[in-house]
Amino acid sequence: MNVLLDNLALFREGFLGTLYLTAVSAVLALVLGVVIAGFRVSPVPPLRIFGTLWVTLLRNTPLTLLFLVAFFVVPKVLFPGVNSFLLAVCACGFYTSAFVAEAVRSGINTVPMGQAEAARAIGMTFTQTMRIVVLPQATRTVVPPLSSIFIALTKNTAIAGAFDNVDLFNVQKTLSNDGYEIAWIFLWITIGYLVITYTINGLFRLLENRLEVAR
């Protein structure tokens, strides 16, 4: 217990760091994922090719490798001076967006083809059809897998702690170097991650129940 009480400010900072990194990365992944899913089902061949390449490349690339590219290649080649938080958000958000895109695309495929055809028949564009007709119906199917994806994202953010980001994993490194008992450190860090993941799970359960009622 002394590990927590003696370092409460450090644990709080790490917890909030993980929470903030998870939230910002989730927003980026959700926006990119929906856009890439739209590309995947687009009638424009170049967009479909781009969407397929995005998903295939990112889903089959280890997240650690993306972090290495983000922290050691991007600052030197593209954007010098970018802060570590933004690089971590990009690595986590881009990686997760590929999984979000596939979940959204699966949801889109559950919507009957006649819905999109009817929308096009009354003069709607592809973007209007997706935004007004298809995506609202696909949401009910997409919510459950998104819960698992964002819970996985929370755990994936631990890699950011190895790249000078303030999060729960970084707290573990600091306290280990200070000589605290490793078992107690991991216990409190695990509880911190559980609080975040159970909160995400609870929020998605509420959203899923609301959508079930709406049905």
# chains A, B, ... in the order shown; residues from 1 in each chain; ligands from 1

$ residues_around --residues "range 164-169 of chain A" --least-positions-apart "6" --cutoff "12 Å" --atoms "only C-alpha atoms" --output "number ranges by chain"
A: 9-22, 67, 71, 83-89, 154-158, 175-176, 185-194, 196

$ residues_around --residues "Thr129 in chain A" --least-positions-apart "6" --cutoff "12 Å" --atoms "only C-alpha atoms" --output "list in words"
Gly38, Val41, Ser42, Ile108, Val111, Met113, Gly114, Gln115, Ala116, Glu117, Ala118, Ala119, Arg120, Ala121, Ile122, Gly123, Leu135, Pro136 and Gln137 of chain A

$ write_last_selection --atoms "N, CA and C atoms" --output "PDB file, in the first residue's frame"
ATOM      1  N   GLY A  38     -15.140   3.861 -45.597  1.00  0.00           N
ATOM      2  CA  GLY A  38     -15.826   4.432 -46.756  1.00  0.00           C
ATOM      3  C   GLY A  38     -15.032   4.237 -48.033  1.00  0.00           C
ATOM      4  N   VAL A  41     -15.422   0.654 -49.464  1.00  0.00           N
ATOM      5  CA  VAL A  41     -16.663   0.307 -50.169  1.00  0.00           C
ATOM      6  C   VAL A  41     -16.997   1.342 -51.238  1.00  0.00           C
ATOM      7  N   SER A  42     -16.052   2.226 -51.505  1.00  0.00           N
ATOM      8  CA  SER A  42     -16.280   3.281 -52.486  1.00  0.00           C
ATOM      9  C   SER A  42     -16.353   2.711 -53.909  1.00  0.00           C
ATOM     10  N   ILE A 108     -21.223  -2.069 -42.365  1.00  0.00           N
ATOM     11  CA  ILE A 108     -21.813  -1.577 -43.615  1.00  0.00           C
ATOM     12  C   ILE A 108     -22.356  -2.727 -44.452  1.00  0.00           C
ATOM     13  N   VAL A 111     -25.958  -3.919 -43.899  1.00  0.00           N
ATOM     14  CA  VAL A 111     -27.084  -3.100 -44.375  1.00  0.00           C
ATOM     15  C   VAL A 111     -27.505  -3.607 -45.756  1.00  0.00           C
ATOM     16  N   MET A 113     -28.390  -4.109 -49.488  1.00  0.00           N
ATOM     17  CA  MET A 113     -27.954  -3.356 -50.658  1.00  0.00           C
ATOM     18  C   MET A 113     -29.054  -2.451 -51.201  1.00  0.00           C
ATOM     19  N   GLY A 114     -30.301  -2.880 -51.038  1.00  0.00           N
ATOM     20  CA  GLY A 114     -31.421  -2.092 -51.539  1.00  0.00           C
ATOM     21  C   GLY A 114     -31.519  -0.718 -50.908  1.00  0.00           C
ATOM     22  N   GLN A 115     -31.034  -0.586 -49.658  1.00  0.00           N
ATOM     23  CA  GLN A 115     -31.068   0.714 -48.985  1.00  0.00           C
ATOM     24  C   GLN A 115     -30.204   1.730 -49.742  1.00  0.00           C
ATOM     25  N   ALA A 116     -28.979   1.319 -50.079  1.00  0.00           N
ATOM     26  CA  ALA A 116     -28.075   2.216 -50.814  1.00  0.00           C
ATOM     27  C   ALA A 116     -28.593   2.480 -52.218  1.00  0.00           C
ATOM     28  N   GLU A 117     -29.143   1.450 -52.865  1.00  0.00           N
ATOM     29  CA  GLU A 117     -29.664   1.625 -54.223  1.00  0.00           C
ATOM     30  C   GLU A 117     -30.841   2.594 -54.236  1.00  0.00           C
ATOM     31  N   ALA A 118     -31.679   2.497 -53.218  1.00  0.00           N
ATOM     32  CA  ALA A 118     -32.827   3.412 -53.131  1.00  0.00           C
ATOM     33  C   ALA A 118     -32.354   4.844 -52.914  1.00  0.00           C
ATOM     34  N   ALA A 119     -31.306   5.010 -52.089  1.00  0.00           N
ATOM     35  CA  ALA A 119     -30.767   6.352 -51.840  1.00  0.00           C
ATOM     36  C   ALA A 119     -30.187   6.950 -53.120  1.00  0.00           C
ATOM     37  N   ARG A 120     -29.485   6.136 -53.888  1.00  0.00           N
ATOM     38  CA  ARG A 120     -28.915   6.633 -55.144  1.00  0.00           C
ATOM     39  C   ARG A 120     -30.021   6.934 -56.164  1.00  0.00           C
ATOM     40  N   ALA A 121     -31.095   6.160 -56.084  1.00  0.00           N
ATOM     41  CA  ALA A 121     -32.199   6.356 -57.036  1.00  0.00           C
ATOM     42  C   ALA A 121     -32.885   7.697 -56.837  1.00  0.00           C
ATOM     43  N   ILE A 122     -32.866   8.227 -55.611  1.00  0.00           N
ATOM     44  CA  ILE A 122     -33.506   9.529 -55.369  1.00  0.00           C
ATOM     45  C   ILE A 122     -32.494  10.675 -55.475  1.00  0.00           C
ATOM     46  N   GLY A 123     -31.283  10.362 -55.973  1.00  0.00           N
ATOM     47  CA  GLY A 123     -30.324  11.415 -56.275  1.00  0.00           C
ATOM     48  C   GLY A 123     -29.274  11.690 -55.224  1.00  0.00           C
ATOM     49  N   LEU A 135     -24.525   4.346 -42.601  1.00  0.00           N
ATOM     50  CA  LEU A 135     -23.816   4.345 -41.318  1.00  0.00           C
ATOM     51  C   LEU A 135     -24.740   4.332 -40.096  1.00  0.00           C
ATOM     52  N   PRO A 136     -25.844   5.097 -40.089  1.00  0.00           N
ATOM     53  CA  PRO A 136     -26.729   5.004 -38.925  1.00  0.00           C
ATOM     54  C   PRO A 136     -27.267   3.591 -38.690  1.00  0.00           C
ATOM     55  N   GLN A 137     -27.534   2.856 -39.763  1.00  0.00           N
ATOM     56  CA  GLN A 137     -28.029   1.481 -39.605  1.00  0.00           C
ATOM     57  C   GLN A 137     -26.899   0.520 -39.222  1.00  0.00           C
TER      58      GLN A 137
END

$ residues_around --residues "Arg48 in chain A" --least-positions-apart "4" --cutoff "12 Å" --atoms "only C-alpha atoms" --output "short mmCIF file (atom, residue, chain, number, x, y, z; two decimals) with C-alpha atoms, in the first residue's frame"
data_model
loop_
_atom_site.label_atom_id
_atom_site.label_comp_id
_atom_site.auth_asym_id
_atom_site.auth_seq_id
_atom_site.Cartn_x
_atom_site.Cartn_y
_atom_site.Cartn_z
CA VAL A 35 -13.10 7.32 -43.62
CA ILE A 36 -11.03 4.28 -44.60
CA ALA A 37 -14.10 2.04 -44.37
CA GLY A 38 -15.83 4.43 -46.76
CA PHE A 39 -12.86 4.13 -49.09
CA ARG A 40 -13.08 0.34 -48.89
CA VAL A 41 -16.66 0.31 -50.17
CA SER A 42 -16.28 3.28 -52.49
CA PRO A 43 -17.19 2.92 -56.19
CA VAL A 44 -13.94 4.78 -57.02
CA THR A 52 -7.15 -1.88 -48.86
CA LEU A 53 -3.47 -0.97 -48.68
CA TRP A 54 -4.01 1.05 -45.49
CA VAL A 55 -5.78 -1.79 -43.70
CA ARG A 105 -16.92 -2.15 -43.13
#

$ atom_distance --atom1 "CA of Val27 in chain A" --atom2 "CA of Phe99 in chain A"
13.5 Å

$ atom_distance --atom1 "CA of Cys90 in chain A" --atom2 "CA of Pro62 in chain A"
14.3 Å

$ select_by_dssp --residues "range 65-181 of chain A" --states "alpha helix (DSSP H)" --output "VMD selection string"
chain A and resid 65 to 72 74 to 77 84 to 110 113 to 121 126 to 128 135 to 156 168 to 177

$ atom_distance --atom1 "CA of Leu153 in chain A" --atom2 "CA of Trp184 in chain A"
24.1 Å
